[in-house]
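*Asks:* So here's data.txt (compact mmCIF, C-alpha atoms).
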```txt
# COMPACT_ATOMS: atom_id res chain seq x y z
CA MET A 1114 -5.96 -20.77 -24.28
CA PHE A 1115 -8.18 -23.16 -26.29
CA LEU A 1116 -11.89 -23.85 -26.06
CA LYS A 1117 -12.33 -27.17 -24.29
CA ASP A 1118 -15.94 -27.79 -25.32
CA THR A 1119 -16.02 -28.59 -29.02
CA THR A 1120 -19.72 -29.51 -29.03
CA ILE A 1121 -20.38 -26.04 -30.34
CA PHE A 1122 -19.76 -27.46 -33.85
CA HIS A 1123 -22.19 -30.37 -33.54
CA ASP A 1124 -25.18 -30.53 -35.91
CA ILE A 1125 -23.94 -27.70 -38.10
CA ASN A 1126 -24.48 -27.79 -41.82
CA PHE A 1127 -21.13 -26.52 -43.08
CA THR A 1128 -22.60 -25.82 -46.49
CA ASP A 1129 -24.66 -23.03 -44.89
CA SER A 1130 -22.17 -20.14 -45.00
CA SER A 1131 -24.67 -17.74 -43.44
CA ARG A 1132 -24.42 -19.75 -40.23
CA VAL A 1133 -20.77 -20.78 -40.36
CA PHE A 1134 -19.09 -17.43 -40.89
CA PRO A 1135 -20.70 -15.63 -37.93
CA LEU A 1136 -19.87 -18.61 -35.75
CA LEU A 1137 -16.24 -18.69 -36.86
CA ILE A 1138 -15.95 -14.95 -36.23
CA SER A 1139 -17.32 -15.43 -32.71
CA VAL A 1140 -14.85 -18.23 -31.97
CA ILE A 1141 -11.89 -16.19 -33.26
CA PHE A 1142 -13.04 -13.23 -31.12
CA LEU A 1143 -13.16 -15.41 -28.01
CA LEU A 1144 -9.68 -16.77 -28.68
CA LEU A 1145 -8.28 -13.27 -29.15
CA MET A 1146 -9.90 -12.07 -25.94
CA SER A 1147 -8.48 -15.04 -24.03
CA ALA A 1148 -4.99 -14.36 -25.34
CA CYS A 1149 -5.19 -10.68 -24.44
CA SER A 1150 -6.35 -11.39 -20.89
CA SER A 1151 -3.10 -13.22 -20.13
CA ILE A 1152 -1.07 -9.99 -20.12
CA GLN A 1153 -3.61 -7.38 -19.04
CA ILE A 1154 -5.60 -6.50 -15.94
CA GLU A 1155 -8.92 -4.78 -15.59
CA ASN A 1156 -8.78 -1.12 -14.77
CA GLY A 1157 -11.68 0.60 -13.07
CA ARG A 1158 -11.39 3.74 -15.20
CA ASN A 1159 -14.30 3.28 -17.63
CA GLY A 1160 -13.47 -0.40 -17.98
CA GLN A 1161 -10.13 0.29 -19.63
CA LEU A 1162 -7.32 -2.26 -19.67
CA THR A 1163 -3.76 -1.59 -18.69
CA SER A 1164 -0.75 -3.82 -19.23
CA GLN A 1165 1.26 -5.16 -16.30
CA GLU A 1166 4.30 -5.97 -18.41
CA ASN A 1167 7.61 -4.61 -17.12
CA THR A 1168 6.03 -3.61 -13.80
CA PRO A 1169 8.59 -4.16 -10.99
CA GLU A 1170 7.57 -6.20 -8.00
CA ASN A 1171 6.54 -3.83 -5.21
CA MET A 1172 8.13 -4.76 -1.90
CA PHE A 1173 6.31 -2.05 0.05
CA ASN A 1174 2.78 -3.41 -0.37
CA VAL A 1175 1.26 -6.84 0.21
CA SER A 1176 0.15 -9.15 -2.56
CA GLY A 1177 -3.18 -7.98 -3.94
CA GLN A 1178 -2.89 -4.41 -2.63
CA ILE A 1179 -3.60 -2.12 -5.56
CA ILE A 1180 -5.19 1.10 -6.80
CA THR A 1181 -6.10 0.62 -10.46
CA ASP A 1182 -8.01 3.82 -11.20
CA GLN A 1183 -5.74 6.84 -11.58
CA GLN A 1184 -8.69 9.15 -10.88
CA ILE A 1185 -8.71 7.89 -7.28
CA ARG A 1186 -6.48 10.06 -5.12
CA SER A 1187 -5.76 10.94 -1.47
CA VAL A 1188 -6.64 7.50 -0.15
CA GLN A 1189 -6.63 7.03 3.62
CA LEU A 1190 -7.40 4.01 5.81
CA PHE A 1191 -6.98 4.51 9.56
CA LYS A 1192 -8.44 3.84 13.00
CA ASN A 1193 -10.70 5.89 15.26
CA ASN A 1194 -10.65 9.36 13.66
CA ASN A 1195 -6.86 9.50 13.75
CA PRO A 1196 -5.61 9.80 10.13
CA ASP A 1197 -2.05 9.03 11.24
CA SER A 1198 -2.97 5.72 12.92
CA PRO A 1199 -2.50 2.29 11.30
CA PRO A 1200 -5.52 0.28 10.06
CA VAL A 1201 -5.45 -2.12 13.02
CA ILE A 1202 -8.65 -2.56 15.04
CA GLU A 1203 -9.67 -4.82 17.93
CA LEU A 1204 -12.33 -7.47 17.38
CA ASN A 1205 -15.65 -6.88 19.19
CA SER A 1206 -14.58 -3.45 20.42
CA ASN A 1207 -15.58 0.15 19.77
CA ASP A 1208 -12.72 0.55 17.29
CA LYS A 1209 -13.72 1.93 13.90
CA LEU A 1210 -11.98 1.70 10.56
CA HIS A 1211 -12.19 4.88 8.46
CA LEU A 1212 -11.88 4.90 4.67
CA ARG A 1213 -11.50 8.15 2.74
CA PHE A 1214 -10.62 8.94 -0.86
CA ASP A 1215 -11.23 11.46 -3.63
CA TYR A 1216 -12.38 10.82 -7.19
CA ILE A 1217 -11.17 13.46 -9.65
CA ASP A 1218 -14.17 13.78 -11.96
CA VAL A 1219 -17.22 15.99 -12.22
CA SER A 1220 -19.56 13.08 -12.88
CA SER A 1221 -21.31 11.25 -10.05
CA LYS A 1222 -19.82 7.88 -9.21
CA GLN A 1223 -21.01 5.01 -7.02
CA PHE A 1224 -18.70 2.45 -5.43
CA VAL A 1225 -19.17 -0.87 -3.61
CA ILE A 1226 -17.13 -2.08 -0.61
CA THR A 1227 -16.53 -5.78 0.03
CA PHE A 1228 -14.06 -7.69 2.22
CA SER A 1229 -11.84 -10.73 1.92
CA HIS A 1230 -9.98 -12.68 4.62
CA HIS A 1231 -6.36 -13.80 4.21
CA ASN A 1232 -3.70 -15.98 5.77
CA ILE A 1233 -0.53 -14.64 7.31
CA ASP A 1234 1.15 -14.71 3.88
CA TRP A 1235 -1.83 -12.88 2.30
CA SER A 1236 -3.02 -15.91 0.40
CA PRO A 1237 -6.84 -16.30 0.55
CA SER A 1238 -8.01 -18.06 3.72
CA SER A 1239 -10.46 -20.96 3.75
CA LEU A 1240 -13.16 -18.93 5.52
CA ALA A 1241 -16.40 -18.25 3.68
CA PRO A 1242 -17.79 -14.68 3.49
CA SER A 1243 -20.46 -15.62 6.04
CA ASP A 1244 -17.71 -16.73 8.44
CA ILE A 1245 -15.85 -13.43 8.53
CA ALA A 1246 -18.70 -10.90 8.74
CA GLN A 1247 -22.40 -10.65 9.43
CA GLY A 1248 -24.83 -8.21 7.89
CA ILE A 1249 -24.69 -6.67 4.44
CA ARG A 1250 -21.74 -8.01 2.45
CA ARG A 1251 -21.82 -5.28 -0.20
CA ILE A 1252 -21.77 -1.72 1.15
CA TYR A 1253 -22.62 1.03 -1.34
CA LEU A 1254 -20.95 4.43 -1.38
CA ASP A 1255 -23.28 6.88 -3.08
CA ALA A 1256 -22.25 10.05 -4.90
CA GLY A 1257 -19.49 11.77 -2.97
CA LEU A 1258 -19.33 15.38 -1.79
CA VAL A 1259 -18.25 17.82 -4.51
CA ASN A 1260 -15.41 20.17 -3.59
CA ASN A 1261 -15.66 23.94 -3.69
CA SER A 1262 -12.60 24.30 -5.89
CA SER A 1263 -12.88 24.06 -9.68
CA ARG A 1264 -9.27 23.19 -10.57
CA PRO A 1265 -9.97 20.28 -10.88
CA ILE A 1266 -13.39 19.27 -9.56
CA TYR A 1267 -13.37 16.14 -7.40
CA ARG A 1268 -15.72 14.18 -5.17
CA SER A 1269 -14.82 12.99 -1.66
CA TYR A 1270 -16.01 9.62 -0.38
CA SER A 1271 -15.90 8.15 3.13
CA ALA A 1272 -17.04 5.11 5.09
CA VAL A 1273 -16.79 3.95 8.71
CA LEU A 1274 -16.60 0.23 9.55
CA PRO A 1275 -17.90 -1.78 11.31
CA ASN A 1276 -21.30 -0.10 11.37
CA GLU A 1277 -25.01 -0.94 11.61
CA GLN A 1278 -24.75 -2.70 8.25
CA VAL A 1279 -21.82 -5.01 8.90
CA SER A 1280 -19.73 -6.38 11.79
CA PHE A 1281 -16.68 -8.64 11.77
CA LEU A 1282 -16.60 -12.13 13.29
CA LYS A 1283 -12.99 -13.25 12.94
CA SER A 1284 -9.54 -11.83 13.55
CA GLY A 1285 -6.71 -11.86 11.06
CA ASN A 1286 -5.54 -10.20 7.86
CA TYR A 1287 -8.21 -8.54 5.74
CA MET A 1288 -8.42 -6.80 2.39
CA LEU A 1289 -10.89 -3.96 1.87
CA ARG A 1290 -11.98 -4.04 -1.76
CA VAL A 1291 -13.66 -1.16 -3.62
CA GLU A 1292 -15.39 -1.79 -6.94
CA ASP A 1293 -17.01 0.49 -9.50
CA ALA A 1294 -20.74 -0.08 -8.96
CA ASP A 1295 -21.52 0.39 -12.66
CA THR A 1296 -18.85 -1.82 -14.21
CA GLY A 1297 -17.95 -4.17 -11.35
CA PHE A 1298 -14.25 -3.49 -11.92
CA LEU A 1299 -11.95 -3.53 -8.89
CA VAL A 1300 -10.57 -0.01 -8.41
CA MET A 1301 -8.86 -0.40 -5.05
CA ALA A 1302 -7.78 -3.06 -2.53
CA LEU A 1303 -6.22 -2.09 0.82
CA PRO A 1304 -5.03 -4.28 3.71
CA PHE A 1305 -6.19 -3.94 7.31
CA PHE A 1306 -5.94 -6.03 10.48
CA ILE A 1307 -8.31 -7.20 13.20
CA PHE A 1308 -6.76 -8.58 16.41
CA GLU A 1309 -8.30 -10.32 19.42
CA ASN A 1310 -6.26 -8.65 22.19
CA GLU A 1311 -5.29 -12.01 23.68
CA GLY A 1312 -2.05 -12.25 25.63
CA MET A 1313 0.42 -9.38 25.95
CA ILE A 1314 3.54 -8.30 24.04
CA GLU A 1315 6.52 -6.54 25.57
CA SER A 1316 8.88 -5.05 22.97
CA SER A 1317 12.22 -3.31 22.99
CA ILE A 1318 14.58 -2.19 20.24
CA GLU A 1319 18.31 -2.84 20.39
CA PHE A 1320 20.52 -0.35 18.57
CA LEU A 1321 23.38 -1.99 16.69
CA GLN A 1322 26.25 -0.63 14.66
CA SER A 1323 26.73 -2.70 11.53
CA PRO A 1324 29.64 -2.84 9.08
CA ARG A 1325 27.21 -3.53 6.22
CA GLN A 1326 24.89 -1.18 4.31
CA ASN A 1327 27.46 1.65 4.18
CA LEU A 1328 27.99 1.49 7.95
CA ARG A 1329 24.35 2.29 8.61
CA ALA A 1330 23.12 1.43 12.08
CA LEU A 1331 20.57 -1.32 12.66
CA HIS A 1332 17.55 -1.88 14.88
CA ARG A 1333 16.91 -5.31 16.36
CA PRO A 1334 13.39 -5.77 17.77
CA VAL A 1335 13.28 -8.07 20.82
CA ASN A 1336 9.83 -9.24 21.95
CA ARG A 1337 8.28 -11.31 24.74
CA TYR A 1338 4.75 -12.65 24.41
CA MET A 1339 2.74 -13.86 27.40
CA VAL A 1340 0.83 -16.82 25.98
CA PRO A 1341 -2.90 -17.18 26.82
CA GLU A 1342 -3.92 -20.41 28.54
CA PHE A 1343 -6.11 -21.57 25.66
CA VAL A 1344 -3.10 -21.78 23.31
CA GLU A 1345 -1.97 -25.40 23.13
CA GLN A 1346 1.51 -26.28 21.92
CA PRO A 1347 2.60 -22.67 21.29
CA GLN A 1348 5.91 -23.81 19.81
CA PHE A 1349 3.97 -25.36 16.93
CA ASN A 1350 0.90 -23.13 16.58
CA LEU A 1351 2.17 -19.58 17.13
CA LEU A 1352 3.50 -17.44 14.27
CA PHE A 1353 5.29 -14.08 14.52
CA ARG A 1354 5.87 -11.12 12.22
CA VAL A 1355 7.62 -7.74 12.60
CA VAL A 1356 6.96 -4.80 10.26
CA GLN A 1357 8.90 -1.55 9.98
CA ASN A 1358 7.11 1.73 9.15
CA ARG A 1359 3.84 0.07 8.05
CA PHE A 1360 5.32 -1.48 4.93
CA TRP A 1361 3.08 -4.52 5.36
CA GLY A 1362 4.56 -6.20 2.29
CA ARG A 1363 7.97 -6.29 4.00
CA ALA A 1364 6.91 -8.19 7.12
CA ARG A 1365 9.75 -10.28 8.52
CA THR A 1366 9.71 -13.53 10.46
CA PRO A 1367 11.91 -13.43 13.59
CA GLY A 1368 14.57 -16.11 13.27
CA GLU A 1369 15.23 -16.63 16.98
CA THR A 1370 12.47 -17.98 19.26
CA ASP A 1371 12.69 -19.28 22.83
CA PHE A 1372 9.81 -21.26 24.38
CA SER A 1373 11.77 -22.41 27.44
CA SER A 1374 10.02 -20.06 29.92
CA PRO A 1375 6.59 -21.36 31.03
CA GLY A 1376 3.73 -19.18 29.84
CA SER A 1377 5.80 -16.97 27.56
CA VAL A 1378 7.86 -16.97 24.39
CA THR A 1379 10.70 -14.68 23.37
CA PHE A 1380 11.20 -13.91 19.68
CA GLU A 1381 13.66 -11.57 18.05
CA MET A 1382 15.38 -10.81 14.79
CA GLU A 1383 18.81 -12.26 14.16
CA GLN A 1384 21.51 -9.67 14.66
CA GLU A 1385 22.59 -9.82 11.01
CA HIS A 1386 19.00 -9.32 9.83
CA GLY A 1387 18.23 -6.09 11.68
CA PHE A 1388 16.21 -3.22 10.26
CA ILE A 1389 17.89 -0.03 8.98
CA ALA A 1390 17.83 2.31 11.99
CA ASP A 1391 18.03 5.53 9.95
CA TYR A 1392 15.60 4.66 7.18
CA TYR A 1393 14.82 8.07 5.73
CA PHE A 1394 11.73 9.81 4.36
CA TYR A 1395 11.84 13.16 2.59
CA PRO A 1396 9.12 15.40 4.06
CA LEU A 1397 6.71 17.36 1.87
CA ILE A 1398 4.46 20.05 3.35
CA LEU A 1399 2.03 21.49 0.81
CA ASN A 1400 -0.20 23.56 3.08
CA ASP A 1401 0.99 26.61 1.17
CA ILE A 1402 1.50 26.33 -2.61
CA SER A 1403 2.83 29.85 -3.11
CA LEU A 1404 6.41 31.06 -3.35
CA SER A 1405 6.34 31.73 0.39
CA ASN A 1406 6.62 27.97 0.90
CA PRO A 1407 10.35 27.25 1.37
CA ARG A 1408 10.03 24.07 -0.73
CA VAL A 1409 8.54 25.91 -3.74
CA THR A 1410 10.82 27.58 -6.30
CA ASP A 1411 8.29 28.39 -9.02
CA VAL A 1412 4.50 28.48 -9.44
CA PHE A 1413 2.39 28.24 -12.60
CA PRO A 1414 -1.13 29.16 -11.39
CA GLN A 1415 -2.64 29.46 -14.88
CA GLU A 1416 -2.36 25.72 -15.49
CA VAL A 1417 -5.04 23.22 -14.46
CA PRO A 1418 -4.25 21.87 -12.00
CA PRO A 1419 -1.77 24.55 -10.89
CA ARG A 1420 1.84 23.42 -11.27
CA ILE A 1421 4.66 24.04 -8.82
CA LEU A 1422 8.36 23.28 -8.96
CA LEU A 1423 10.03 22.10 -5.77
CA ASN A 1424 13.61 22.90 -4.87
CA ASP A 1425 16.14 20.13 -5.39
CA ASP A 1426 16.41 17.01 -3.30
CA THR A 1427 20.09 16.20 -2.99
CA ALA A 1428 20.93 12.54 -2.62
CA ASN A 1429 22.96 11.62 0.49
CA LEU A 1430 22.51 15.11 1.92
CA ALA A 1431 19.68 15.95 4.32
CA ASN A 1432 18.48 18.99 6.18
CA LEU A 1433 19.90 18.16 9.59
CA SER A 1434 17.19 20.17 11.33
CA VAL A 1435 14.56 17.69 10.10
CA ARG A 1436 13.82 14.53 12.08
CA THR A 1437 11.44 12.61 9.87
CA LEU A 1438 8.68 10.50 11.38
CA PRO A 1439 7.56 7.12 10.07
CA SER A 1440 5.27 7.11 7.08
CA SER A 1441 1.53 6.72 7.52
CA LEU A 1442 1.50 5.08 4.04
CA PHE A 1443 -1.16 7.59 2.95
CA GLY A 1444 -0.01 10.92 4.33
CA LEU A 1445 -2.29 13.65 5.64
CA PRO A 1446 -4.16 15.16 2.68
CA ASP A 1447 -6.17 18.29 3.47
CA ARG A 1448 -9.85 17.33 3.88
CA ASN A 1449 -11.26 20.85 3.63
CA SER A 1450 -13.74 21.20 0.77
CA ASP A 1451 -11.69 23.99 -0.82
CA ALA A 1452 -8.38 22.09 -0.76
CA GLU A 1453 -6.75 21.99 -4.21
CA TYR A 1454 -4.81 19.44 -6.21
CA VAL A 1455 -1.42 20.55 -7.52
CA ASN A 1456 0.86 19.19 -10.24
CA VAL A 1457 4.13 18.91 -8.31
CA THR A 1458 7.50 18.62 -10.08
CA PHE A 1459 10.23 16.88 -8.07
CA SER A 1460 13.93 17.32 -8.87
CA LEU A 1461 16.70 14.99 -7.70
CA ASP A 1462 20.34 16.07 -7.78
CA THR A 1463 22.48 12.94 -7.69
CA GLU A 1464 25.70 11.49 -9.04
CA ASN A 1465 24.26 7.97 -8.79
CA ALA A 1466 22.75 7.96 -12.27
CA PRO A 1467 21.00 4.78 -13.37
CA GLU A 1468 22.60 2.40 -15.85
CA GLU A 1469 20.92 1.39 -19.09
CA GLU A 1470 18.52 -1.14 -17.50
CA GLU A 1471 17.97 0.83 -14.30
CA SER A 1472 15.40 3.50 -13.49
CA ILE A 1473 14.71 5.97 -10.69
CA TYR A 1474 11.17 6.10 -9.33
CA LEU A 1475 9.44 8.44 -6.91
CA VAL A 1476 7.31 6.65 -4.29
CA GLY A 1477 5.47 8.07 -1.32
CA ASP A 1478 2.29 8.57 0.61
CA PHE A 1479 0.69 10.17 -2.45
CA THR A 1480 1.35 7.07 -4.59
CA ALA A 1481 0.27 4.67 -1.79
CA TRP A 1482 3.89 3.46 -2.01
CA ALA A 1483 3.24 1.84 -5.36
CA ILE A 1484 5.86 2.02 -8.10
CA ARG A 1485 4.04 3.60 -11.03
CA SER A 1486 5.18 4.31 -14.55
CA GLU A 1487 4.09 7.96 -14.35
CA SER A 1488 6.39 8.46 -11.33
CA ARG A 1489 9.53 7.42 -13.19
CA LEU A 1490 12.19 10.14 -13.26
CA SER A 1491 13.75 11.32 -16.51
CA TYR A 1492 16.89 13.40 -16.96
CA ASP A 1493 16.44 17.06 -17.90
CA GLU A 1494 19.57 18.29 -19.70
CA ASN A 1495 18.62 21.94 -19.15
CA THR A 1496 18.44 21.68 -15.37
CA GLU A 1497 20.85 18.71 -15.13
CA ARG A 1498 18.40 17.09 -12.73
CA TRP A 1499 16.29 13.94 -12.63
CA GLN A 1500 12.64 15.00 -12.60
CA THR A 1501 9.08 13.74 -12.50
CA SER A 1502 5.66 15.27 -11.80
CA VAL A 1503 2.79 13.94 -9.68
CA ILE A 1504 -0.67 15.37 -9.01
CA ILE A 1505 -0.98 15.75 -5.22
CA LYS A 1506 -3.57 17.28 -2.93
CA GLU A 1507 -2.61 19.96 -0.44
CA GLY A 1508 -1.41 18.38 2.80
CA GLU A 1509 1.60 16.72 4.43
CA TYR A 1510 3.42 13.69 3.02
CA LYS A 1511 6.58 11.57 3.05
CA TYR A 1512 8.38 10.21 0.01
CA LYS A 1513 11.53 8.47 -1.25
CA TYR A 1514 13.51 7.91 -4.42
CA VAL A 1515 14.27 4.28 -5.30
CA MET A 1516 16.46 2.63 -7.91
CA VAL A 1517 14.74 -0.17 -9.83
CA ASP A 1518 16.60 -2.79 -11.85
CA GLN A 1519 13.96 -5.14 -13.25
CA ASN A 1520 12.50 -6.69 -10.05
CA ASP A 1521 15.29 -5.47 -7.76
CA ILE A 1522 14.46 -2.33 -5.77
CA ASP A 1523 17.16 -0.36 -3.96
CA ASP A 1524 15.37 1.96 -1.54
CA LEU A 1525 18.53 3.05 0.31
CA MET A 1526 20.67 4.48 -2.51
CA TYR A 1527 19.27 8.02 -2.27
CA ASP A 1528 18.90 8.19 1.52
CA PRO A 1529 20.89 10.87 3.36
CA LEU A 1530 23.70 9.17 5.24
CA PHE A 1531 23.88 9.00 9.04
CA GLU A 1532 20.62 10.90 9.52
CA ARG A 1533 19.02 9.79 12.80
CA THR A 1534 15.29 9.28 12.33
CA LYS A 1535 12.38 7.75 14.18
CA GLN A 1536 11.26 4.29 13.13
CA GLU A 1537 7.93 2.60 13.88
CA TYR A 1538 7.65 -1.16 14.42
CA HIS A 1539 4.53 -3.32 14.54
CA VAL A 1540 4.75 -6.75 16.15
CA PHE A 1541 2.12 -9.39 15.23
CA VAL A 1542 1.35 -12.70 16.96
CA TYR A 1543 -0.81 -15.22 15.06
CA LEU A 1544 -2.32 -18.55 16.05
CA GLN A 1545 -2.90 -21.29 13.51
CA ASP A 1546 -6.49 -22.39 14.12
CA LYS A 1547 -6.55 -26.17 13.57
CA ASN A 1548 -10.35 -26.37 13.66
CA GLU A 1549 -11.33 -23.72 11.13
CA PHE A 1550 -7.97 -23.64 9.32
CA TYR A 1551 -7.17 -19.93 9.35
CA ASP A 1552 -4.60 -17.67 11.00
CA ARG A 1553 -6.03 -15.86 14.01
CA LEU A 1554 -4.39 -12.58 14.96
CA LEU A 1555 -4.06 -12.69 18.74
CA GLN A 1556 -2.12 -9.53 19.52
CA VAL A 1557 -0.44 -6.48 17.95
CA ASN A 1558 2.08 -4.16 19.57
CA THR A 1559 3.58 -0.88 18.35
CA VAL A 1560 6.92 0.58 19.40
CA ILE A 1561 8.73 3.74 18.27
CA ALA A 1562 12.53 3.78 18.18
CA GLY A 1563 15.11 6.45 17.33
CA SER A 1564 15.44 10.13 17.99
```
Would you give me this structure, written as structure tokens?

*Replies:*
Amino acid sequence: MFLKDTTIFHDINFTDSSRVFPLLISVIFLLLMSACSSIQIENGRNGQLTSQENTPENMFNVSGQIITDQQIRSVQLFKNNNPDSPPVIELNSNDKLHLRFDYIDVSSKQFVITFSHHNIDWSPSSLAPSDIAQGIRRIYLDAGLVNNSSRPIYRSYSAVLPNEQVSFLKSGNYMLRVEDADTGFLVMALPFFIFENEGMIESSIEFLQSPRQNLRALHRPVNRYMVPEFVEQPQFNLLFRVVQNRFWGRARTPGETDFSSPGSVTFEMEQEHGFIADYYFYPLILNDISLSNPRVTDVFPQEVPPRILLNDDTANLANLSVRTLPSSLFGLPDRNSDAEYVNVTFSLDTENAPEEEESIYLVGDFTAWAIRSESRLSYDENTERWQTSVIIKEGEYKYKYVMVDQNDIDDLMYDPLFERTKQEYHVFVYLQDKNEFYDRLLQVNTVIAGS
């Protein structure tokens, strides 16, 4: 990057070294800073910078969804006091969006909440901030509540929206942004949805047996939408998306639509593009971090935070008594003031070892389904297992192991085979607003499939 405005050198007496040298040093500093900014992003932890090089593309989360500060843990975003509900609220209703998170630090910290509106593809919409919300546009979170535990000390923060300070005016895709009030750095951005409750969706899930994906069965969502009278030319203005298990970044567009019936439209996935019907999550219950917990094989209570070793996860072999539920994307961390954080060591027993350019990563509710460098597994020759450690709060979570080859992510390789599980599907219907040029979210439907 070069400085475009060269007038900075006008009227300078170049024989005056006392003026030239400081100026040249300033210019060189600016050039160096510009070059560095091309490969780094701002991190909210004390204004530090962290490189994004060699970071694989994350197919679980939407573009812009991020948690940059590693001191922020146990994030939750849900509806109406139900921590296991998705962040989907109805416009102009009594629905409330709840944000919760912990900050692992003894010092007091203040954060600021703002919002941004997005199109169906999560690109920024054309709406101005005054168009999407009324009231205070910057909501401050003061010093959080300090926990009773001392290993480690953390502060808990929470907010409920909309509230007396702010209310929303438009439907659609939103991003909740949290900044450090002192530095202005973005520390967290999370997606949520506001729908208008216009029209009605009827959904069903067809169960298909497929010869592909190691003979794994498929789900094919079939949907019928009763179109409101105000929608003109629905075949041109309506858009549809289907999401499995709240992985908003993996929303799919149904390839088969039928507008032939008056007042309704049928849309469904093509048979060859069905969702994996037995998509698996390993369960993790950390309500008890002692040896009495069947998942715990060793405990090191003298360490801070305490460290525990879990028993092995065996690839392609599941506990058949477990019927895993869909992921909440954030899990259910314990919100009691005396709940502790634990350094949890995971061990994977697998014959599918990565090649030279491949890596195994642990992802789950406790990582907000982000692929992080600290969650990369390494091989332990003593145990002959692939291992990694993550600091997690007491609670209940789901997780997976994924194989990453540059930007290619294989999230099925370490799934137990033929394990019947429940799957959650969210169906979205959008309307392209031709007057204000944004994507309205008319209706959302949720359906659970599997056993």

*Asks:* Kindly indicate which residue among A:Ile1180, A:Val1560, A:Leu1399, A:Val1412 lies nearest to Leu1445 (chain A), using all atoms listed in the file for the distances.

*Replies:*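 The shortest atom-to-atom distance to Leu1445 (chain A) comes from A:Leu1399.
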
*Asks:* Tell me, counting only C-alpha atoms, for each residue of region 1351-1423 of chain A within 12 Å of region 1299-1309 of chain A, which pair of atoms is nearest and how far apart they are in Å to one decimal, in rows ordered by chain and increasing number, as a Markdown table.

*Replies:*
```
| residue | atom | partner | partner_atom | distance |
| --- | --- | --- | --- | --- |
| A:Arg1359 | CA | A:Pro1304 | CA | 10.8 |
| A:Phe1360 | CA | A:Pro1304 | CA | 10.8 |
| A:Trp1361 | CA | A:Pro1304 | CA | 8.3 |
| A:Gly1362 | CA | A:Pro1304 | CA | 9.9 |
```

*Asks:* So how far away is CA of Met1382 (chain A) from CA of Asp1524 (chain A), in Å?

*Replies:*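 Answer for the CA of Asp1524 (chain A) to CA of Met1382 (chain A) separation: 20.7 Å.
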
*Asks:* Can you tell me which residues surround Met1339 (chain A) at a distance of at most 8 Å, considering all atoms listed in the file, apart from same-chain residues fewer than 5 positions away, and format the answer as a ChimeraX atom specification?

*Replies:* /A:1312-1314,1376-1378

*Asks:* Kindly save the residues from that selection, with C-alpha atoms included, as a compact mmCIF listing (two decimals), keeping the file's coordinate frame.

*Replies:*
```txt
# COMPACT_ATOMS: atom_id res chain seq x y z
CA GLY A 1312 -2.05 -12.25 25.63
CA MET A 1313 0.42 -9.38 25.95
CA ILE A 1314 3.54 -8.30 24.04
CA GLY A 1376 3.73 -19.18 29.84
CA SER A 1377 5.80 -16.97 27.56
CA VAL A 1378 7.86 -16.97 24.39
```

*Asks:* List every protein, DNA or RNA residue that has an atom no more than 6 Å from (7.2, -11.6, 10.7) in the file's coordinate frame, counting all atoms listed in the file, and report them as a list in words.

*Replies:* Phe1353, Arg1354, Val1355, Ala1364, Arg1365, Thr1366 and Pro1367 of chain A
